[in-house]
$ cat work.cif   # mmCIF, C-alpha atoms
data_upload
#
loop_
_atom_site.label_atom_id
_atom_site.label_comp_id
_atom_site.auth_asym_id
_atom_site.auth_seq_id
_atom_site.Cartn_x
_atom_site.Cartn_y
_atom_site.Cartn_z
CA MET A 1 -22.17 17.41 64.80
CA ILE A 2 -20.41 15.26 62.25
CA HIS A 3 -21.23 17.74 59.49
CA SER A 4 -19.62 20.58 61.44
CA ALA A 5 -16.60 18.43 62.31
CA ILE A 6 -15.93 17.55 58.70
CA PHE A 7 -16.56 20.92 57.06
CA GLY A 8 -15.56 23.15 59.95
CA TYR A 9 -12.00 23.27 58.67
CA TYR A 10 -12.97 25.33 55.61
CA PRO A 11 -12.60 29.11 56.06
CA ASN A 12 -15.99 29.94 54.55
CA ALA A 13 -19.33 28.26 53.93
CA SER A 14 -19.05 28.23 50.12
CA GLN A 15 -15.93 26.07 50.08
CA GLY A 16 -17.50 23.70 52.58
CA ALA A 17 -20.60 23.39 50.40
CA ILE A 18 -18.47 22.60 47.35
CA ALA A 19 -16.61 19.90 49.23
CA GLN A 20 -19.86 18.45 50.51
CA ARG A 21 -21.32 18.37 46.99
CA SER A 22 -18.19 16.62 45.62
CA ILE A 23 -18.42 13.92 48.28
CA GLN A 24 -22.11 13.38 47.53
CA VAL A 25 -21.43 12.98 43.81
CA THR A 26 -18.58 10.56 44.50
CA ILE A 27 -20.78 8.45 46.82
CA ARG A 28 -23.54 8.35 44.18
CA LEU A 29 -21.10 7.23 41.45
CA LEU A 30 -19.63 4.57 43.74
CA ALA A 31 -23.11 3.27 44.47
CA ASP A 32 -23.84 3.03 40.74
CA VAL A 33 -20.63 1.08 40.17
CA LEU A 34 -21.41 -1.35 42.99
CA ARG A 35 -24.98 -1.80 41.78
CA ASP A 36 -23.80 -2.35 38.21
CA ARG A 37 -21.10 -4.83 39.16
CA ASP A 38 -23.39 -7.84 39.44
CA ALA A 39 -25.06 -7.02 36.13
CA HIS A 40 -22.07 -6.16 33.97
CA ALA A 41 -18.77 -7.33 35.46
CA VAL A 42 -16.97 -9.93 33.42
CA ARG A 43 -14.26 -12.10 34.89
CA GLY A 44 -12.68 -14.75 32.70
CA TRP A 45 -15.55 -14.32 30.16
CA ARG A 46 -18.07 -15.53 32.81
CA ARG A 47 -20.77 -13.38 34.34
CA GLU A 48 -21.20 -13.35 38.09
CA GLY A 49 -24.31 -12.52 40.04
CA LEU A 50 -27.96 -13.29 39.41
CA ASN A 51 -30.01 -13.27 36.27
CA LYS A 52 -33.40 -11.63 35.88
CA GLU A 53 -35.20 -14.59 37.40
CA GLY A 54 -32.98 -14.51 40.48
CA GLY A 55 -31.26 -17.79 39.70
CA SER A 56 -27.58 -18.48 39.30
CA LYS A 57 -26.09 -17.66 35.91
CA GLU A 58 -23.51 -20.46 36.03
CA ALA A 59 -25.77 -22.80 34.09
CA LEU A 60 -26.15 -20.18 31.39
CA PHE A 61 -22.45 -20.48 30.50
CA ASP A 62 -22.01 -24.24 30.51
CA SER A 63 -21.98 -24.38 26.70
CA VAL A 64 -20.78 -20.98 25.55
CA GLY A 65 -17.17 -19.92 25.19
CA ARG A 66 -16.01 -23.43 24.32
CA LEU A 67 -15.03 -24.94 20.99
CA GLY A 68 -15.33 -21.56 19.30
CA GLN A 69 -18.96 -20.96 20.34
CA ARG A 70 -19.43 -17.23 20.62
CA PHE A 71 -21.03 -15.58 23.66
CA HIS A 72 -24.31 -13.83 23.25
CA SER A 73 -23.87 -10.14 22.60
CA GLU A 74 -25.79 -9.15 25.73
CA ASP A 75 -23.78 -11.53 27.91
CA VAL A 76 -20.37 -10.09 27.02
CA GLY A 77 -21.45 -6.50 26.66
CA LEU A 78 -20.99 -6.20 22.88
CA SER A 79 -24.52 -5.13 22.06
CA ASP A 80 -23.61 -1.43 22.30
CA SER A 81 -19.93 -1.64 21.34
CA LEU A 82 -20.47 -0.58 17.72
CA PRO A 83 -18.48 2.62 17.06
CA SER A 84 -20.57 5.75 17.00
CA ARG A 85 -19.43 6.54 13.47
CA LEU A 86 -21.15 3.32 12.29
CA HIS A 87 -24.48 3.84 14.05
CA ARG A 88 -26.06 5.64 11.11
CA ILE A 89 -25.24 2.73 8.77
CA SER A 90 -25.69 -0.08 11.30
CA GLN A 91 -28.63 -1.58 9.39
CA LEU A 92 -27.02 -1.37 5.94
CA GLN A 93 -25.10 -4.21 4.31
CA TRP A 94 -21.54 -4.22 5.61
CA HIS A 95 -19.90 -5.24 2.32
CA GLU A 96 -21.08 -2.30 0.26
CA CYS A 97 -20.35 0.13 3.11
CA TRP A 98 -16.82 -1.19 3.50
CA LEU A 99 -16.10 -1.04 -0.23
CA GLN A 100 -17.29 2.56 -0.23
CA GLN A 101 -14.89 3.27 2.63
CA LEU A 102 -12.02 1.84 0.59
CA ARG A 103 -12.96 4.02 -2.37
CA SER A 104 -13.15 7.11 -0.17
CA GLU A 105 -9.60 6.37 1.00
CA LYS A 106 -8.55 6.39 -2.68
CA LYS A 107 -7.37 2.81 -2.68
CA SER A 108 -6.43 1.56 -6.11
CA SER A 109 -8.64 -0.92 -7.93
CA HIS A 110 -6.00 -3.62 -7.43
CA THR A 111 -5.90 -2.99 -3.66
CA ILE A 112 -9.70 -3.02 -3.39
CA ARG A 113 -9.87 -6.30 -5.30
CA ALA A 114 -7.20 -7.89 -3.08
CA TYR A 115 -8.90 -6.65 0.11
CA ASP A 116 -12.25 -7.93 -1.13
CA VAL A 117 -10.88 -11.42 -1.79
CA ALA A 118 -9.46 -11.62 1.73
CA ALA A 119 -12.74 -10.38 3.26
CA ARG A 120 -14.76 -12.94 1.31
CA THR A 121 -12.67 -15.86 2.56
CA PHE A 122 -12.87 -14.56 6.13
CA SER A 123 -16.63 -14.05 6.06
CA THR A 124 -17.16 -17.62 4.84
CA THR A 125 -14.88 -19.16 7.48
CA SER A 126 -17.12 -21.22 9.73
CA LEU A 127 -16.72 -22.20 13.37
CA PRO A 128 -17.97 -25.43 14.99
CA GLY A 129 -21.73 -25.26 14.98
CA ASP A 130 -22.00 -22.66 12.21
CA GLY A 131 -22.50 -25.07 9.35
CA THR A 132 -21.59 -24.03 5.83
CA LEU A 133 -21.43 -20.28 5.30
CA VAL A 134 -22.37 -18.91 1.88
CA TRP A 135 -20.89 -15.65 0.63
CA ASP A 136 -24.19 -14.25 -0.62
CA GLU A 137 -25.70 -14.59 2.83
CA SER A 138 -22.61 -13.19 4.58
CA ALA A 139 -22.52 -10.20 2.26
CA ARG A 140 -26.12 -9.32 3.12
CA MET A 141 -25.42 -9.12 6.85
CA SER A 142 -25.92 -5.70 8.41
CA VAL A 143 -23.00 -3.72 9.78
CA ARG A 144 -24.17 -4.38 13.36
CA ASP A 145 -24.53 -8.14 12.82
CA PHE A 146 -21.20 -8.42 11.01
CA HIS A 147 -19.54 -6.44 13.81
CA LEU A 148 -20.42 -9.30 16.16
CA PHE A 149 -19.64 -11.92 13.51
CA ALA A 150 -16.08 -10.58 12.99
CA ASP A 151 -15.24 -10.29 16.70
CA PRO A 152 -11.56 -11.41 16.91
CA ASN A 153 -12.19 -13.06 20.31
CA ASN A 154 -14.52 -15.75 18.99
CA GLY A 155 -11.79 -17.69 17.16
CA ARG A 156 -12.91 -16.97 13.60
CA MET A 157 -9.80 -15.02 12.74
CA ASP A 158 -7.61 -17.86 14.05
CA ALA A 159 -9.52 -20.37 11.93
CA TRP A 160 -9.14 -18.10 8.92
CA MET A 161 -5.39 -17.75 9.42
CA ASN A 162 -5.00 -21.53 9.69
CA GLY A 163 -5.96 -21.71 6.02
CA LEU A 164 -3.14 -19.37 4.98
CA GLY A 165 -0.26 -21.63 5.96
CA ASP A 166 0.64 -22.76 2.43
CA LEU A 167 0.87 -19.25 0.98
CA LYS A 168 3.99 -17.16 0.57
CA PRO A 169 4.88 -14.72 3.36
CA THR A 170 4.22 -11.77 1.08
CA THR A 171 0.72 -13.03 0.28
CA ILE A 172 -0.04 -13.77 3.93
CA ASN A 173 1.04 -10.26 4.95
CA ALA A 174 -1.17 -8.75 2.25
CA LYS A 175 -4.21 -10.74 3.42
CA ILE A 176 -3.58 -9.85 7.07
CA ALA A 177 -3.33 -6.19 6.07
CA ALA A 178 -6.70 -6.45 4.34
CA LEU A 179 -8.38 -8.05 7.33
CA THR A 180 -6.73 -5.57 9.70
CA HIS A 181 -8.32 -2.74 7.75
CA LEU A 182 -11.72 -4.44 7.94
CA LEU A 183 -11.49 -5.07 11.69
CA LYS A 184 -10.38 -1.52 12.45
CA TRP A 185 -13.22 -0.16 10.34
CA LEU A 186 -15.63 -2.26 12.41
CA GLY A 187 -14.13 -0.89 15.62
CA HIS A 188 -12.22 -4.01 16.68
CA ILE A 189 -8.64 -4.16 17.89
CA VAL A 190 -6.36 -6.61 16.12
CA PRO A 191 -5.19 -9.11 18.77
CA ASP A 192 -1.55 -9.11 19.80
CA TRP A 193 -1.21 -12.79 19.00
CA ILE A 194 -1.64 -12.14 15.28
CA GLN A 195 1.95 -12.33 14.05
CA ARG A 196 2.90 -11.49 10.49
CA PRO A 197 5.50 -13.80 8.94
CA SER A 198 8.88 -12.23 8.35
CA ARG A 199 10.08 -12.05 4.79
CA SER A 200 13.45 -11.29 3.28
CA ARG A 201 13.48 -8.05 1.36
CA SER A 202 14.98 -8.70 -2.04
CA LEU A 203 16.88 -6.08 -3.96
CA PRO A 204 15.18 -4.47 -6.98
CA LYS A 205 15.95 -6.30 -10.20
CA THR A 206 17.84 -4.08 -12.62
CA LEU A 207 19.48 -4.62 -15.97
CA GLY A 208 23.24 -4.50 -16.29
CA ARG A 209 24.95 -2.53 -19.02
CA ARG A 210 25.41 -5.52 -21.29
CA GLU A 211 21.82 -6.64 -20.82
CA LEU A 212 20.62 -3.12 -21.49
CA GLU A 213 22.62 -2.96 -24.69
CA ARG A 214 21.24 -6.30 -25.88
CA LEU A 215 17.74 -5.05 -25.06
CA ARG A 216 18.24 -1.90 -27.14
CA ILE A 217 19.36 -4.02 -30.10
CA ALA A 218 16.34 -6.32 -29.72
CA VAL A 219 13.99 -3.32 -29.54
CA SER A 220 15.46 -1.74 -32.67
CA GLU A 221 15.08 -5.03 -34.56
CA SER A 222 11.58 -5.81 -33.25
CA GLU A 223 8.68 -5.88 -35.70
CA ASP A 224 6.31 -4.59 -33.04
CA PRO A 225 5.99 -0.81 -33.55
CA LEU A 226 5.13 -0.42 -29.85
CA ALA A 227 8.43 -1.90 -28.65
CA MET A 228 10.50 1.22 -29.26
CA PRO A 229 8.20 3.91 -27.78
CA VAL A 230 7.13 1.83 -24.79
CA SER A 231 10.61 0.71 -23.74
CA THR A 232 12.15 4.13 -24.41
CA LEU A 233 9.55 6.03 -22.42
CA MET A 234 9.73 3.62 -19.49
CA LEU A 235 13.52 3.84 -19.33
CA ASP A 236 13.43 7.64 -19.58
CA THR A 237 10.59 8.32 -17.15
CA GLY A 238 10.33 5.37 -14.74
CA LEU A 239 6.57 5.15 -15.26
CA ARG A 240 4.59 2.30 -13.79
CA VAL A 241 3.04 0.05 -16.39
CA SER A 242 -0.48 1.09 -15.32
CA GLU A 243 0.48 4.76 -15.65
CA LEU A 244 1.94 4.15 -19.09
CA CYS A 245 -1.26 2.46 -20.26
CA ALA A 246 -3.39 5.32 -18.89
CA LEU A 247 -1.27 7.99 -20.59
CA ASP A 248 -3.20 10.19 -23.03
CA ILE A 249 -1.78 12.21 -25.88
CA ASP A 250 -2.94 15.40 -24.15
CA ASP A 251 -0.83 14.57 -21.09
CA ILE A 252 2.46 14.90 -22.98
CA ASP A 253 4.15 18.28 -23.38
CA LYS A 254 6.87 17.85 -25.98
CA GLU A 255 8.15 21.40 -25.68
CA ASP A 256 8.53 21.14 -21.91
CA LEU A 257 9.87 17.56 -22.16
CA SER A 258 7.43 16.40 -19.51
CA ALA A 259 4.27 14.38 -19.06
CA LEU A 260 1.47 14.68 -16.51
CA VAL A 261 0.53 11.44 -14.78
CA ILE A 262 -3.10 11.73 -13.69
CA GLY A 263 -4.50 9.34 -11.11
CA GLY A 264 -1.35 7.38 -10.43
CA LYS A 265 -0.92 4.99 -7.52
CA GLY A 266 -2.95 6.30 -4.60
CA GLU A 267 -4.81 8.63 -6.99
CA LYS A 268 -1.86 11.03 -6.88
CA ASP A 269 -0.90 13.24 -9.83
CA ARG A 270 2.71 13.99 -10.65
CA THR A 271 4.94 15.23 -13.45
CA VAL A 272 7.57 13.03 -15.09
CA LEU A 273 10.41 14.21 -17.29
CA PHE A 274 11.91 12.74 -20.43
CA THR A 275 14.59 13.53 -23.01
CA LYS A 276 14.68 14.78 -26.57
CA ASN A 277 15.25 11.19 -27.65
CA SER A 278 11.84 10.27 -26.22
CA VAL A 279 10.25 13.08 -28.23
CA ASP A 280 11.79 11.76 -31.46
CA VAL A 281 10.56 8.23 -30.71
CA LEU A 282 7.04 9.45 -29.88
CA GLU A 283 6.87 11.50 -33.07
CA SER A 284 7.82 8.40 -35.06
CA TRP A 285 5.05 6.46 -33.33
CA GLU A 286 2.27 9.02 -33.84
CA PRO A 287 1.56 8.21 -37.54
CA ILE A 288 1.12 4.53 -36.64
CA ARG A 289 -1.13 5.50 -33.73
CA GLU A 290 -3.34 7.66 -35.97
CA SER A 291 -3.68 4.95 -38.60
CA ARG A 292 -4.72 2.39 -35.98
CA ILE A 293 -7.33 4.75 -34.53
CA ARG A 294 -8.76 5.50 -37.99
CA GLU A 295 -9.24 1.79 -38.62
CA SER A 296 -11.04 1.35 -35.32
CA GLN A 297 -14.53 2.51 -34.41
CA ASP A 298 -13.34 4.67 -31.50
CA VAL A 299 -12.17 7.70 -33.45
CA GLY A 300 -12.14 9.93 -30.36
CA LEU A 301 -9.71 7.72 -28.44
CA ARG A 302 -7.05 9.89 -26.74
CA ALA A 303 -4.78 7.09 -25.56
CA MET A 304 -1.12 7.58 -26.40
CA PHE A 305 -0.46 3.89 -26.95
CA VAL A 306 -3.03 1.76 -28.80
CA SER A 307 -2.98 -1.85 -29.90
CA SER A 308 -3.27 -3.15 -33.42
CA ARG A 309 -7.05 -3.33 -32.88
CA GLY A 310 -7.23 0.36 -32.08
CA ARG A 311 -7.75 -0.05 -28.34
CA ARG A 312 -5.84 1.28 -25.37
CA ILE A 313 -3.05 -1.13 -24.46
CA ASN A 314 -3.19 -2.99 -21.15
CA PRO A 315 -0.43 -4.15 -18.77
CA ARG A 316 -0.79 -7.77 -19.85
CA SER A 317 -0.03 -6.97 -23.49
CA ILE A 318 3.08 -5.01 -22.44
CA GLN A 319 4.30 -7.96 -20.37
CA LYS A 320 3.86 -10.26 -23.36
CA MET A 321 5.89 -7.82 -25.43
CA MET A 322 8.61 -7.87 -22.75
CA ASP A 323 8.68 -11.67 -22.88
CA ARG A 324 9.30 -11.55 -26.63
CA LEU A 325 12.05 -8.97 -26.16
CA ALA A 326 13.64 -11.12 -23.44
CA ASP A 327 13.86 -14.06 -25.84
CA ALA A 328 15.33 -11.88 -28.57
CA SER A 329 17.93 -10.30 -26.24
CA ASP A 330 18.88 -13.55 -24.47
CA ILE A 331 17.67 -12.25 -21.09
CA PRO A 332 15.73 -14.52 -18.70
CA LYS A 333 12.05 -13.62 -18.69
CA SER A 334 12.16 -13.40 -14.90
CA ARG A 335 14.65 -10.55 -15.21
CA LEU A 336 12.79 -8.45 -17.76
CA SER A 337 9.48 -6.83 -16.91
CA PRO A 338 8.02 -3.31 -17.03
CA HIS A 339 8.95 -2.90 -13.37
CA THR A 340 12.52 -3.96 -14.13
CA LEU A 341 12.81 -0.98 -16.49
CA ARG A 342 11.44 1.24 -13.72
CA HIS A 343 14.08 -0.07 -11.30
CA THR A 344 16.79 0.42 -13.93
CA PHE A 345 15.71 4.03 -14.37
CA ALA A 346 15.90 4.70 -10.61
CA THR A 347 19.25 2.96 -10.18
CA GLY A 348 20.70 4.92 -13.10
CA LEU A 349 19.66 8.19 -11.47
CA LEU A 350 21.26 7.16 -8.19
CA GLU A 351 24.53 6.20 -9.88
CA ARG A 352 24.66 9.60 -11.59
CA GLY A 353 24.42 11.39 -8.26
CA ALA A 354 20.68 12.11 -7.93
CA ASP A 355 19.46 12.43 -4.34
CA LEU A 356 16.73 10.26 -2.87
CA VAL A 357 14.16 13.06 -2.65
CA THR A 358 14.44 13.73 -6.39
CA ILE A 359 14.13 10.02 -7.19
CA GLN A 360 11.15 9.76 -4.84
CA ARG A 361 9.29 12.54 -6.64
CA LEU A 362 10.07 11.17 -10.10
CA LEU A 363 8.95 7.66 -9.13
CA GLY A 364 5.86 8.86 -7.26
CA HIS A 365 6.66 7.12 -3.97
CA SER A 366 4.51 8.27 -1.05
CA SER A 367 7.25 7.38 1.44
CA ILE A 368 10.98 7.86 1.05
CA ALA A 369 11.46 4.54 2.84
CA THR A 370 10.33 2.87 -0.39
CA THR A 371 12.93 4.78 -2.36
CA ARG A 372 15.66 3.98 0.15
CA VAL A 373 15.74 0.37 -1.03
CA TYR A 374 17.77 1.53 -4.04
CA LEU A 375 20.65 2.30 -1.70
CA GLU A 376 21.10 -1.45 -1.30
CA ILE A 377 23.36 -1.83 -4.32
CA GLY A 378 23.50 -5.26 -5.89
CA ASP A 379 26.74 -7.12 -6.55
CA GLN A 380 26.72 -6.41 -10.28
CA THR A 381 26.19 -2.69 -9.80
CA LEU A 382 28.87 -2.66 -7.08
CA ARG A 383 31.37 -4.24 -9.46
CA GLU A 384 30.59 -1.73 -12.21
CA ILE A 385 31.10 1.22 -9.85
CA TYR A 386 34.35 -0.27 -8.58
CA HIS A 387 35.85 -0.86 -12.03
CA ARG A 388 34.71 2.56 -13.20
CA ALA A 389 36.51 4.12 -10.25
CA GLN A 390 39.65 2.10 -11.00
CA ARG A 391 39.81 3.62 -14.47
CA SER A 392 40.60 7.04 -12.92
CA PRO A 393 43.95 8.71 -13.81
CA PRO A 394 47.05 7.42 -11.98
CA LEU A 395 49.06 9.49 -9.54
CA ALA A 396 51.42 10.61 -12.31
CA GLY A 397 48.50 12.23 -14.05
CA LEU A 398 47.48 13.99 -10.89
CA GLU A 399 50.93 15.61 -10.65
CA SER A 400 50.59 17.05 -14.12
CA ASP A 401 47.16 18.38 -13.18
CA ALA A 402 48.75 20.29 -10.34
CA ASN A 403 50.94 22.15 -12.84
CA GLY A 404 48.93 22.78 -15.96
CA GLU A 405 45.69 20.90 -16.46
CA GLY A 406 44.66 21.32 -12.85
CA GLU A 407 44.69 25.09 -13.31
CA ASN A 408 42.45 24.76 -16.36
CA GLN A 409 39.98 22.62 -14.45
CA ASN A 410 39.95 25.04 -11.56
CA LYS A 411 39.29 27.83 -14.01
CA GLU A 412 36.42 25.84 -15.53
CA VAL A 413 34.88 25.31 -12.12
CA GLU A 414 35.09 29.03 -11.38
CA GLU A 415 33.53 30.01 -14.71
CA THR A 416 30.77 27.38 -14.98
CA GLY A 417 30.27 26.31 -11.38
CA ARG A 418 30.37 22.66 -12.59
CA ILE A 419 32.89 20.01 -11.64
CA PRO A 420 34.05 17.99 -14.68
CA THR A 421 32.83 14.39 -14.54
CA GLU A 422 34.98 12.93 -17.32
CA LEU A 423 37.84 10.78 -16.06
#

$ encode --input "work.cif" --output "C-alpha cells"
Amino acid sequence: MIHSAIFGYYPNASQGAIAQRSIQVTIRLLADVLRDRDAHAVRGWRREGLNKEGGSKEALFDSVGRLGQRFHSEDVGLSDSLPSRLHRISQLQWHECWLQQLRSEKKSSHTIRAYDVAARTFSTTSLPGDGTLVWDESARMSVRDFHLFADPNNGRMDAWMNGLGDLKPTTINAKIAALTHLLKWLGHIVPDWIQRPSRSRSLPKTLGRRELERLRIAVSESEDPLAMPVSTLMLDTGLRVSELCALDIDDIDKEDLSALVIGGKGEKDRTVLFTKNSVDVLESWEPIRESRIRESQDVGLRAMFVSSRGRRINPRSIQKMMDRLADASDIPKSRLSPHTLRHTFATGLLERGADLVTIQRLLGHSSIATTRVYLEIGDQTLREIYHRAQRSPPLAGLESDANGEGENQNKEVEETGRIPTEL
C-alpha cells in the first residue's frame, strides 16, 4: 500500500525501481554514518560515545591534549591520514626520503642545506614530557612515525617558532619556508596562525659612475691577475658568482660573443652575452690560466678561472678579492660584492632602454617579479638621470633643428631606422 503510494506517481515501473533503489542506498549510507558517529566523531578534540569495553571514554582524555601532550593517533583519527603517495615509503627513514624529494625538485645545494638545518632544529624541538630529543634518533624515524611527530596541531611547530624570535625577518621567513615544504610533503596543512614577519624590501645595491670608475682603476692596478677577467666578465654578463666559478673554457664561444651557463640557479641553462672587450681580457688571461694548470696535478681541469694553486676558484675567494678592490678604490666593503656587480649590470641595461623581459632572460630570473625590483630607482641613479636629461639642447637649438639639422636627423631615421641618442 505504502509502496504503491510512493512509487505510483512514476509513469513506468523502471523509473519507480530506480527511485526505490536510490532511497535504499541513501538509507544504508545514513545508517553507516549514524553507526560510525559514536566511534569516530570528534568534537573539541574529545571523543564521545563508548569505548570497546563499554565504559565512558571521558577518563581516557583527562591527561591528553593538555600542556602539549599529543593525542594518540587512533583517538584523533590520524592513523590512516598519511597521503597515499607516501604509503610505499611509509616505513623508510623520513630524512633521506625528504632530501631525495628536494633533489628531484632541482633545489640548489644551498637551498637543500638551508632546508635541512631548519628541519633538524624542528625535529629536535621537544614538548613537555618528551625529554631531550637527539637528531640521530629523530632522523631514523619512519615516514609514518614522523608524520604524526610533525603534526602542526600538537604544539611542536609553535615551540619551534618561539626559538626564532631573535633572528632577522629574512632568516625567519626562510626557515618557515623550509618547514612549510616539509609539512606539505608530509600531507599536513600549515596552520593559519603561522604568520611570517614583514620585512622592508631594500633596493639593489649598485655602483655609481664615480665608484665604477674608481673600481676600474683599482682593477687595472691590481697585482691579482684574476681581478681584471673576473670583474670585467661579471660587469658584462651579470653572472652570479656561483655561475662564474662553474664556468668552463668549453662554455665560452668567443666568435659568437656568448657563454653557456649550465646548471644555473634552479638547474636552468641559459646563454649570456658579452662584448669584444671581454674577449680581449679573456685572451690575456688564458696564458696565465694554462701556466697555473701545468703547475698543478689536475692537467685536465677545464675551469675557466683557476686559483694560484691550480684549482677552480670558489665564491669565497672572489669575495676576498672584492674586499681588496674595495679598499683600493675607497669603496665601503658593504657596497662592493659580486652581486653588486650583477645589480650594476642590470641597472645599466635598464637605463639604456632595455625591457624587463630581456633583462630577465639575461639574469636568469624565473619570475619577472624578481626583475621588476630594478624599476625602483635609487636616489643616486635618479639624480644621474635627471642631470643627464638637463644637459639636452635648449629651445634655441630645437628651432635650428627644425630648419636644417632636424631635416638631417629625420633623413637619418628614414635611412637607418634608428633614432640618434647623442644629445

$ resolve_selection --input "work.cif" --expression "the PyMOL selection byres ((chain A and resi 110-126) around 7)" --output "count of residues only"
18

$ residues_around --input "work.cif" --residues "Cys245 of chain A" --least-positions-apart "6" --cutoff "10 Å" --atoms "only C-alpha atoms" --output "list in words"
Val230, Leu239, Ala303, Met304, Phe305, Val306, Arg312, Ile313, Asn314, Pro315 and Ile318 of chain A

$ atom_distance --input "work.cif" --atom1 "atom CA of Ile217 of chain A" --atom2 "atom CA of Pro229 of chain A"
13.9 Å

$ atom_distance --input "work.cif" --atom1 "atom CA of Glu213 of chain A" --atom2 "atom CA of Ser329 of chain A"
8.8 Å

$ resolve_selection --input "work.cif" --expression "the PyMOL selection byres ((chain A and resi 371) around 9)" --output "PyMOL selection string"
chain A and resi 346+356-357+359-360+363+365+367-370+372-375

$ closest_residue --input "work.cif" --among "A:Ser366, A:Ser258, A:Ser142, A:Asn162" --to "Trp94 of chain A" --atoms "all atoms listed in the file"
A:Ser142

$ residues_around --input "work.cif" --residues "Met228 of chain A" --least-positions-apart "5" --cutoff "9 Å" --atoms "all atoms listed in the file" --output "ChimeraX atom specification"
/A:216,219-220,222,233,281-282,285

$ closest_residue --input "work.cif" --among "A:Leu247, A:Lys265, A:Glu221, A:Glu286" --to "Met234 of chain A" --atoms "all atoms listed in the file"
A:Leu247

$ closest_residue --input "work.cif" --among "A:Thr344, A:Ser296, A:Ser307, A:Gln91" --to "Leu207 of chain A" --atoms "all atoms listed in the file"
A:Thr344

$ atom_distance --input "work.cif" --atom1 "atom CA of Gly238 of chain A" --atom2 "atom CA of Ser104 of chain A"
27.7 Å

$ resolve_selection --input "work.cif" --expression "the PyMOL selection byres ((chain A and resi 253) around 12)" --output "count of residues only"
23

$ closest_residue --input "work.cif" --among "A:Pro197, A:Gly129, A:Pro204, A:Gly163" --to "His339 of chain A" --atoms "only C-alpha atoms"
A:Pro204

$ closest_residue --input "work.cif" --among "A:Ile331, A:Ile23, A:Leu341, A:Cys97" --to "Arg210 of chain A" --atoms "all atoms listed in the file"
A:Ile331

$ residues_near_point --input "work.cif" --point "(-24.6, -1.6, 14.3)" --cutoff "8 Å" --atoms "all atoms listed in the file" --output "list in words"
Leu82, Pro83, Leu86, His87, Ile89, Ser90, Gln91, Ser142, Val143, Arg144, Asp145 and His147 of chain A

$ closest_residue --input "work.cif" --among "A:Ser291, A:Thr340, A:Ser231, A:Gln101" --to "Leu182 of chain A" --atoms "only C-alpha atoms"
A:Gln101

$ residues_around --input "work.cif" --residues "Gly348 of chain A" --least-positions-apart "6" --cutoff "12 Å" --atoms "all atoms listed in the file" --output "MDAnalysis selection string"
chainID A and resid 206:209 212 235:238 341:342 354:355 359 374:375 377 381 384:385
